[in-house]
$ cat my_file-v8.cif   # mmCIF, C-alpha atoms and all ligand atoms
data_input
#
loop_
_atom_site.label_atom_id
_atom_site.label_comp_id
_atom_site.auth_asym_id
_atom_site.auth_seq_id
_atom_site.Cartn_x
_atom_site.Cartn_y
_atom_site.Cartn_z
CA MET A 21 0.00 0.00 0.00
CA ASP A 22 1.28 3.51 -0.79
CA ARG A 23 0.51 5.76 2.06
CA VAL A 24 -1.39 4.10 4.81
CA TYR A 25 -3.39 6.27 7.10
CA VAL A 26 -1.20 7.24 10.02
CA HIS A 27 -1.94 10.16 12.29
CA GLY A 28 0.48 12.91 12.98
CA TYR A 29 2.90 13.04 10.10
CA ASP A 30 1.88 15.93 7.88
CA THR A 31 1.02 19.55 8.40
CA ARG A 32 -2.68 19.28 7.72
CA GLU A 33 -2.93 16.28 10.00
CA ASN A 34 -1.02 18.11 12.72
CA ARG A 35 -3.33 21.10 12.43
CA ARG A 36 -6.30 18.73 12.58
CA LEU A 37 -4.99 17.13 15.77
CA ARG A 38 -4.52 20.56 17.37
CA ASP A 39 -8.04 21.68 16.36
CA GLN A 40 -9.41 18.49 17.78
CA ALA A 41 -7.53 18.90 21.03
CA ASN A 42 -8.63 22.51 21.56
CA THR A 43 -12.28 21.79 20.87
CA LEU A 44 -12.45 18.72 23.01
CA VAL A 45 -10.37 19.77 25.99
CA GLU A 46 -13.31 20.13 28.32
CA LEU A 47 -15.08 16.98 27.20
CA LEU A 48 -12.01 14.75 27.40
CA HIS A 49 -9.74 16.29 30.02
CA SER A 50 -11.83 18.08 32.63
CA ASP A 51 -11.61 15.09 34.99
CA THR A 52 -7.89 14.38 34.57
CA SER A 53 -5.35 15.96 36.87
CA TYR A 54 -2.41 14.50 38.73
CA ARG A 55 -1.20 15.16 42.25
CA ALA A 56 1.86 17.25 42.96
CA GLY A 57 4.97 15.11 42.76
CA SER A 58 3.37 12.44 40.54
CA ARG A 59 5.40 11.01 37.69
CA VAL A 60 3.29 10.55 34.57
CA LEU A 61 4.19 8.75 31.34
CA GLU A 62 2.37 9.99 28.26
CA ALA A 63 2.75 7.24 25.67
CA GLY A 64 2.46 8.39 22.04
CA CYS A 65 2.33 12.14 22.66
CA GLY A 66 2.39 13.06 18.96
CA VAL A 67 2.74 16.79 18.36
CA GLY A 68 1.82 17.53 21.98
CA ALA A 69 -1.84 18.28 21.38
CA GLN A 70 -2.81 16.60 24.67
CA THR A 71 0.50 17.22 26.44
CA VAL A 72 -0.11 20.95 26.76
CA THR A 73 -3.46 20.39 28.48
CA LEU A 74 -2.22 17.55 30.66
CA ALA A 75 0.87 19.37 31.87
CA GLY A 76 -1.01 22.66 32.23
CA ASN A 77 -3.74 21.05 34.36
CA SER A 78 -1.17 19.40 36.66
CA PRO A 79 1.66 21.93 36.95
CA ASN A 80 3.24 20.18 39.92
CA ALA A 81 3.35 16.72 38.37
CA THR A 82 6.20 15.77 36.04
CA PHE A 83 5.51 14.30 32.62
CA THR A 84 7.62 12.07 30.42
CA SER A 85 6.10 12.22 26.98
CA ILE A 86 7.34 9.73 24.42
CA ASP A 87 6.65 9.15 20.76
CA ILE A 88 8.20 7.00 18.07
CA SER A 89 8.34 9.94 15.64
CA GLU A 90 11.27 12.31 16.00
CA ASP A 91 9.46 15.03 14.03
CA SER A 92 6.40 14.84 16.26
CA ILE A 93 8.58 15.07 19.36
CA ALA A 94 10.20 18.21 17.94
CA ASP A 95 6.77 19.79 17.35
CA ALA A 96 5.56 18.72 20.78
CA LYS A 97 8.58 20.35 22.42
CA LYS A 98 7.79 23.61 20.64
CA ALA A 99 4.12 23.44 21.69
CA VAL A 100 5.05 22.92 25.34
CA GLU A 101 7.65 25.70 25.27
CA PHE A 102 5.15 28.01 23.61
CA ALA A 103 2.69 27.24 26.42
CA GLY A 104 5.38 28.19 28.95
CA LEU A 105 5.39 24.78 30.61
CA SER A 106 8.51 23.32 32.19
CA ASN A 107 7.21 20.06 33.68
CA VAL A 108 7.54 17.87 30.56
CA GLN A 109 10.50 15.81 29.36
CA PHE A 110 10.36 14.40 25.85
CA LEU A 111 11.89 11.24 24.55
CA GLN A 112 11.81 9.56 21.18
CA ALA A 113 10.94 5.96 21.96
CA ASP A 114 8.85 3.00 20.88
CA ILE A 115 6.19 1.82 23.33
CA PHE A 116 7.26 -1.75 22.54
CA ASP A 117 10.91 -1.05 23.34
CA LEU A 118 11.05 1.19 26.39
CA ASN A 119 14.04 1.37 28.72
CA PHE A 120 12.31 2.51 31.89
CA GLU A 121 12.64 0.48 35.08
CA PRO A 122 9.47 -1.36 36.14
CA GLU A 123 7.19 0.78 38.33
CA SER A 124 8.88 4.03 37.28
CA PHE A 125 5.62 5.97 36.99
CA ASP A 126 2.60 6.76 39.13
CA HIS A 127 0.34 7.15 36.13
CA VAL A 128 0.21 6.46 32.41
CA PHE A 129 -1.82 8.45 29.90
CA VAL A 130 -2.58 7.21 26.37
CA CYS A 131 -4.74 9.04 23.84
CA HIS A 132 -5.55 8.12 20.23
CA VAL A 133 -2.63 5.68 20.11
CA LEU A 134 -4.00 2.16 20.70
CA GLU A 135 -6.17 2.51 17.59
CA HIS A 136 -2.97 2.49 15.49
CA LEU A 137 -1.32 -0.53 17.09
CA SER A 138 -1.67 -4.09 15.88
CA ARG A 139 -1.08 -5.30 19.45
CA PRO A 140 -2.85 -2.86 21.77
CA ASP A 141 -3.08 -5.67 24.33
CA LYS A 142 0.70 -6.06 24.37
CA ALA A 143 1.17 -2.29 24.64
CA LEU A 144 -1.11 -2.17 27.68
CA ALA A 145 0.75 -5.06 29.31
CA ILE A 146 4.08 -3.24 28.75
CA LEU A 147 2.71 0.02 30.11
CA LYS A 148 1.22 -1.75 33.13
CA ARG A 149 4.67 -2.98 34.16
CA LEU A 150 5.86 0.64 34.28
CA ILE A 151 3.12 1.74 36.69
CA LYS A 152 3.63 1.57 40.45
CA VAL A 153 1.21 -0.52 42.46
CA GLY A 154 -1.64 1.82 43.34
CA GLY A 155 -1.08 3.84 40.19
CA THR A 156 -3.45 4.35 37.29
CA ILE A 157 -3.80 4.36 33.53
CA THR A 158 -6.05 6.69 31.54
CA VAL A 159 -6.87 5.78 27.95
CA ILE A 160 -8.86 7.84 25.46
CA GLU A 161 -9.83 6.44 22.07
CA GLY A 162 -12.44 7.16 19.43
CA ASP A 163 -14.74 4.69 17.70
CA HIS A 164 -15.77 5.52 14.16
CA GLY A 165 -18.74 3.17 14.41
CA SER A 166 -20.26 5.70 16.80
CA THR A 167 -20.75 8.24 14.01
CA TYR A 168 -24.28 9.23 13.06
CA PHE A 169 -25.74 12.39 11.66
CA TYR A 170 -28.62 14.28 10.05
CA PRO A 171 -29.32 14.24 7.17
CA ASP A 172 -28.25 10.61 7.03
CA SER A 173 -26.23 9.56 3.97
CA GLU A 174 -25.15 6.19 2.63
CA PRO A 175 -22.16 7.68 0.74
CA ALA A 176 -20.97 9.39 3.95
CA HIS A 177 -21.12 6.07 5.82
CA THR A 178 -19.26 4.45 2.92
CA ALA A 179 -16.49 7.07 3.08
CA ILE A 180 -16.15 6.56 6.85
CA GLN A 181 -16.05 2.80 6.36
CA CYS A 182 -13.10 3.28 3.97
CA LEU A 183 -11.10 4.77 6.84
CA VAL A 184 -12.09 1.90 9.12
CA GLU A 185 -10.94 -0.55 6.44
CA LEU A 186 -7.68 1.29 5.70
CA GLN A 187 -6.83 1.44 9.36
CA LYS A 188 -7.53 -2.27 9.66
CA ARG A 189 -5.24 -2.99 6.68
CA ALA A 190 -2.54 -0.90 8.39
CA GLY A 191 -2.87 -3.12 11.47
CA GLY A 192 -4.97 -0.73 13.54
CA ASN A 193 -8.57 -0.58 14.70
CA ALA A 194 -10.75 2.50 14.22
CA LEU A 195 -13.48 0.83 16.29
CA ILE A 196 -11.31 0.38 19.37
CA GLY A 197 -13.24 2.70 21.71
CA ARG A 198 -15.76 -0.03 22.45
CA GLU A 199 -12.93 -2.44 23.29
CA LEU A 200 -11.24 -0.45 26.03
CA TYR A 201 -12.94 -2.32 28.83
CA PRO A 202 -12.04 -5.82 27.55
CA LEU A 203 -8.50 -4.72 26.66
CA LEU A 204 -7.80 -3.27 30.11
CA ARG A 205 -9.36 -6.30 31.72
CA LYS A 206 -7.16 -8.62 29.66
CA ALA A 207 -4.09 -6.61 30.68
CA GLY A 208 -4.95 -7.24 34.33
CA PHE A 209 -6.00 -3.75 35.41
CA ASN A 210 -8.54 -3.31 38.21
CA SER A 211 -11.29 -0.82 39.00
CA ILE A 212 -11.86 -0.20 35.30
CA HIS A 213 -14.28 2.58 34.54
CA VAL A 214 -15.13 3.51 30.95
CA SER A 215 -17.26 6.50 30.03
CA PRO A 216 -18.46 7.38 26.55
CA ARG A 217 -17.91 11.06 25.78
CA MET A 218 -20.31 12.07 23.08
CA VAL A 219 -19.66 15.05 20.88
CA TYR A 220 -23.03 16.38 19.78
CA VAL A 221 -22.89 19.12 17.16
CA ASP A 222 -25.74 21.17 15.77
CA SER A 223 -25.46 24.56 14.10
CA SER A 224 -25.98 26.42 17.37
CA LYS A 225 -22.52 25.13 18.43
CA ARG A 226 -20.35 27.08 16.00
CA ASP A 227 -17.02 26.13 17.58
CA LEU A 228 -17.82 22.43 17.33
CA VAL A 229 -19.14 22.77 13.76
CA GLU A 230 -15.78 24.23 12.77
CA GLY A 231 -13.42 22.57 15.25
CA PHE A 232 -14.93 19.12 15.24
CA THR A 233 -17.30 18.24 12.37
CA LYS A 234 -15.40 20.13 9.69
CA ASN A 235 -11.78 20.45 10.79
CA THR A 236 -11.46 17.23 12.75
CA PHE A 237 -13.77 14.50 11.55
CA THR A 238 -14.50 15.43 7.95
CA ALA A 239 -10.89 16.56 7.40
CA MET A 240 -9.76 13.14 8.64
CA ILE A 241 -12.05 11.32 6.20
CA GLU A 242 -11.07 13.64 3.34
CA GLY A 243 -7.44 12.84 4.11
CA ILE A 244 -7.84 9.23 2.93
CA ARG A 245 -9.63 10.08 -0.33
CA ASP A 246 -6.86 9.26 -2.76
CA THR A 247 -5.65 6.19 -0.87
CA ALA A 248 -9.15 4.72 -0.65
CA ILE A 249 -9.90 5.36 -4.33
CA LYS A 250 -6.54 4.01 -5.43
CA ALA A 251 -7.08 0.90 -3.32
CA GLY A 252 -10.32 0.31 -5.23
CA MET A 253 -12.39 0.51 -2.06
CA VAL A 254 -14.77 3.12 -3.32
CA ASP A 255 -15.86 4.93 -6.43
CA GLN A 256 -14.58 8.52 -6.61
CA ILE A 257 -18.09 9.92 -7.14
CA VAL A 258 -19.45 8.07 -4.12
CA PHE A 259 -16.55 9.17 -1.91
CA ASP A 260 -16.86 12.82 -2.93
CA LYS A 261 -20.62 12.72 -2.36
CA GLY A 262 -19.92 11.25 1.09
CA ILE A 263 -17.64 14.18 1.94
CA GLN A 264 -20.17 16.64 0.56
CA ASP A 265 -22.85 15.03 2.75
CA LEU A 266 -20.62 15.22 5.84
CA TYR A 267 -20.27 18.97 5.21
CA ARG A 268 -24.04 19.07 4.67
CA THR A 269 -24.45 18.07 8.35
CA THR A 270 -22.88 21.41 9.32
CA GLU A 271 -25.67 23.46 7.72
CA ALA A 272 -28.43 25.17 9.68
CA ASP A 273 -30.56 22.03 10.22
CA GLY A 274 -27.69 19.53 10.34
CA VAL A 275 -26.57 17.39 13.29
CA PHE A 276 -23.39 15.35 13.80
CA CYS A 277 -22.64 12.91 16.63
CA TYR A 278 -19.50 11.00 17.58
CA SER A 279 -18.40 9.25 20.76
CA PHE A 280 -14.98 9.00 22.31
CA PHE A 281 -14.38 6.53 25.11
CA LYS A 282 -12.34 7.44 28.16
CA ALA A 283 -11.13 4.65 30.41
CA PHE A 284 -9.60 4.88 33.83
CA ALA A 285 -8.12 1.84 35.55
CA ALA A 286 -5.87 1.00 38.46
CA LYS A 287 -2.95 -1.34 39.04
CA SER A 288 -3.31 -3.14 42.34
C1 LIG B 301 -2.97 10.00 16.50
S1 LIG B 301 -1.44 10.34 17.16
C2 LIG B 301 -1.98 10.84 18.79
C3 LIG B 301 -1.04 11.80 19.42
C4 LIG B 301 -1.52 12.36 20.74
N1 LIG B 301 -1.62 11.35 21.76
C5 LIG B 301 -2.82 13.07 20.56
O1 LIG B 301 -3.85 12.59 21.08
O2 LIG B 301 -2.84 14.12 19.92
C6 LIG B 301 -0.70 8.76 17.46
C7 LIG B 301 0.74 8.86 17.87
O3 LIG B 301 1.19 7.58 18.31
C8 LIG B 301 2.53 7.47 17.91
N2 LIG B 301 2.91 6.06 17.91
C9 LIG B 301 2.44 5.08 17.11
N3 LIG B 301 3.03 3.91 17.40
C10 LIG B 301 3.90 4.16 18.41
C11 LIG B 301 4.80 3.36 19.14
N4 LIG B 301 4.94 2.06 18.89
N5 LIG B 301 5.54 3.94 20.11
C12 LIG B 301 5.42 5.26 20.38
N6 LIG B 301 4.57 6.08 19.71
C13 LIG B 301 3.83 5.53 18.74
C14 LIG B 301 2.58 8.10 16.53
O4 LIG B 301 3.87 8.47 16.15
C15 LIG B 301 1.64 9.28 16.72
O5 LIG B 301 2.34 10.44 17.10
#

$ encode --input "my_file-v8.cif" --output "structure tokens" --more "lines below"
Ligand SMILES: C[S@@+](CC[C@H](N)C(=O)[O-])C[C@H]1O[C@@H](n2cnc3c(N)ncnc32)[C@H](O)[C@@H]1O
Amino acid sequence: MDRVYVHGYDTRENRRLRDQANTLVELLHSDTSYRAGSRVLEAGCGVGAQTVTLAGNSPNATFTSIDISEDSIADAKKAVEFAGLSNVQFLQADIFDLNFEPESFDHVFVCHVLEHLSRPDKALAILKRLIKVGGTITVIEGDHGSTYFYPDSEPAHTAIQCLVELQKRAGGNALIGRELYPLLRKAGFNSIHVSPRMVYVDSSKRDLVEGFTKNTFTAMIEGIRDTAIKAGMVDQIVFDKGIQDLYRTTEADGVFCYSFFKAFAAKS
């Protein structure tokens, strides 16, 4: 396959991730803060879209934010510096090949990463070893199967399904939100609590129309247009109609819904 869908590696995608983070800060992060003195590992920090919020909300905790991509780490460093934060250390590293001592961290935070991994179960087992007894993990993932909208549109569902299929072919899972509970259970975590976080957008919510429906979700689907067509998954006319119909949901009478899943679990 030419260019499989991978988050975080081009400018438009980076802008999309930042838009998404800004719009969804309250929905996804309002109940996450870490005690003074805590050591937190952020696994797969990308361009720092979540790092800035995490570190800003817990100024007296220290964060180690890692990512496999050197370029993303460089961008994340800039974002954190720009925000005036000094409680984050960055490291280029692979989740599957980390050099930290067992139980080095009080907490682990993972957001929009497991969906890209072919072995999310293995990643969680590795991360669990790094958490102290009594510590916690927080995981946030989306689930593209949770997308529905008005007016409904078959071509729009087809275009979304292309992303689900491409991500599957790349070894990931765009429907992973619904699996957080079983995955954390399998990894041996306790006190698992998963809450769906629904983004509901109608035209009275201008910031979400722009920041989420258009610049986050539809931009993400548009981003796979050429790959999906080239792979023979969809007819060009159908795909373009699907995108047009997703934009149609942002008009005066349109509605768009999507659910993220946020999981919190303990190591005992
Ligand atoms: C969609 S981005 C999410 C970034 C960030 N957590 C956010 O929510 O904005 C996924 C990130 O996971 C990183 N990643 C993928 N596989 C990884 C691995 N094995 N080890 C470390 N990072 C990885 C990618 O480089 C990418 O930056």

$ residues_near_point --input "my_file-v8.cif" --point "(-26.7, 8.7, 8.5)" --cutoff "12 Å" --atoms "all atoms listed in the file" --output "PyMOL selection string"
chain A and resi 165-180+262+265-266+268-269+274-278

$ closest_residue --input "my_file-v8.cif" --among "A:Ala143, A:Ile157, A:Ala283, A:Ile241" --to "Gln181 (chain A)" --atoms "all atoms listed in the file"
A:Ile241

$ atom_distance --input "my_file-v8.cif" --atom1 "atom C13 of ligand LIG 301 (chain B)" --atom2 "CA of Gly252 (chain A)"
28.3 Å

$ residues_near_ligand --input "my_file-v8.cif" --ligand "ligand LIG 301 (chain B)" --cutoff "7 Å" --atoms "all atoms listed in the file" --output "NGL selection string"
:A and (27-28 or 37 or 41 or 63-70 or 86-89 or 92 or 113-116 or 130-133 or 136-137)

$ write_last_selection --input "my_file-v8.cif" --atoms "C-alpha atoms" --output "JSON list (two decimals), in the frame of the given file"
[["chain", "number", "residue", "atom", "x", "y", "z"],
["A", 27, "HIS", "CA", -1.94, 10.16, 12.29],
["A", 28, "GLY", "CA", 0.48, 12.91, 12.98],
["A", 37, "LEU", "CA", -4.99, 17.13, 15.77],
["A", 41, "ALA", "CA", -7.53, 18.90, 21.03],
["A", 63, "ALA", "CA", 2.75, 7.24, 25.67],
["A", 64, "GLY", "CA", 2.46, 8.39, 22.04],
["A", 65, "CYS", "CA", 2.33, 12.14, 22.66],
["A", 66, "GLY", "CA", 2.39, 13.06, 18.96],
["A", 67, "VAL", "CA", 2.74, 16.79, 18.36],
["A", 68, "GLY", "CA", 1.82, 17.53, 21.98],
["A", 69, "ALA", "CA", -1.84, 18.28, 21.38],
["A", 70, "GLN", "CA", -2.81, 16.60, 24.67],
["A", 86, "ILE", "CA", 7.34, 9.73, 24.42],
["A", 87, "ASP", "CA", 6.65, 9.15, 20.76],
["A", 88, "ILE", "CA", 8.20, 7.00, 18.07],
["A", 89, "SER", "CA", 8.34, 9.94, 15.64],
["A", 92, "SER", "CA", 6.40, 14.84, 16.26],
["A", 113, "ALA", "CA", 10.94, 5.96, 21.96],
["A", 114, "ASP", "CA", 8.85, 3.00, 20.88],
["A", 115, "ILE", "CA", 6.19, 1.82, 23.33],
["A", 116, "PHE", "CA", 7.26, -1.75, 22.54],
["A", 130, "VAL", "CA", -2.58, 7.21, 26.37],
["A", 131, "CYS", "CA", -4.74, 9.04, 23.84],
["A", 132, "HIS", "CA", -5.55, 8.12, 20.23],
["A", 133, "VAL", "CA", -2.63, 5.68, 20.11],
["A", 136, "HIS", "CA", -2.97, 2.49, 15.49],
["A", 137, "LEU", "CA", -1.32, -0.53, 17.09]]

$ atom_distance --input "my_file-v8.cif" --atom1 "CA of Val221 (chain A)" --atom2 "CA of Leu186 (chain A)"
26.1 Å

$ closest_residue --input "my_file-v8.cif" --among "A:Glu161, A:Glu271, A:Glu185, A:Asp246" --to "Pro216 (chain A)" --atoms "all atoms listed in the file"
A:Glu161

$ residues_around --input "my_file-v8.cif" --residues "Thr73 (chain A)" --least-positions-apart "4" --cutoff "8 Å" --atoms "only C-alpha atoms" --output "ChimeraX atom specification"
/A:45,49,69,77

$ residues_near_point --input "my_file-v8.cif" --point "(-11.1, 0.1, 9.0)" --cutoff "12 Å" --atoms "all atoms listed in the file" --output "ChimeraX atom specification"
/A:24-25,135-136,163-165,178-196,241,244,248,253

$ axis_aligned_box --input "my_file-v8.cif" --around "region 56-62 of chain A" --padding-each-side "4 Å" --output "AutoDock Vina command-line options"
--center_x 3.6 --center_y 13.0 --center_z 35.6 --size_x 11.5 --size_y 16.5 --size_z 22.7
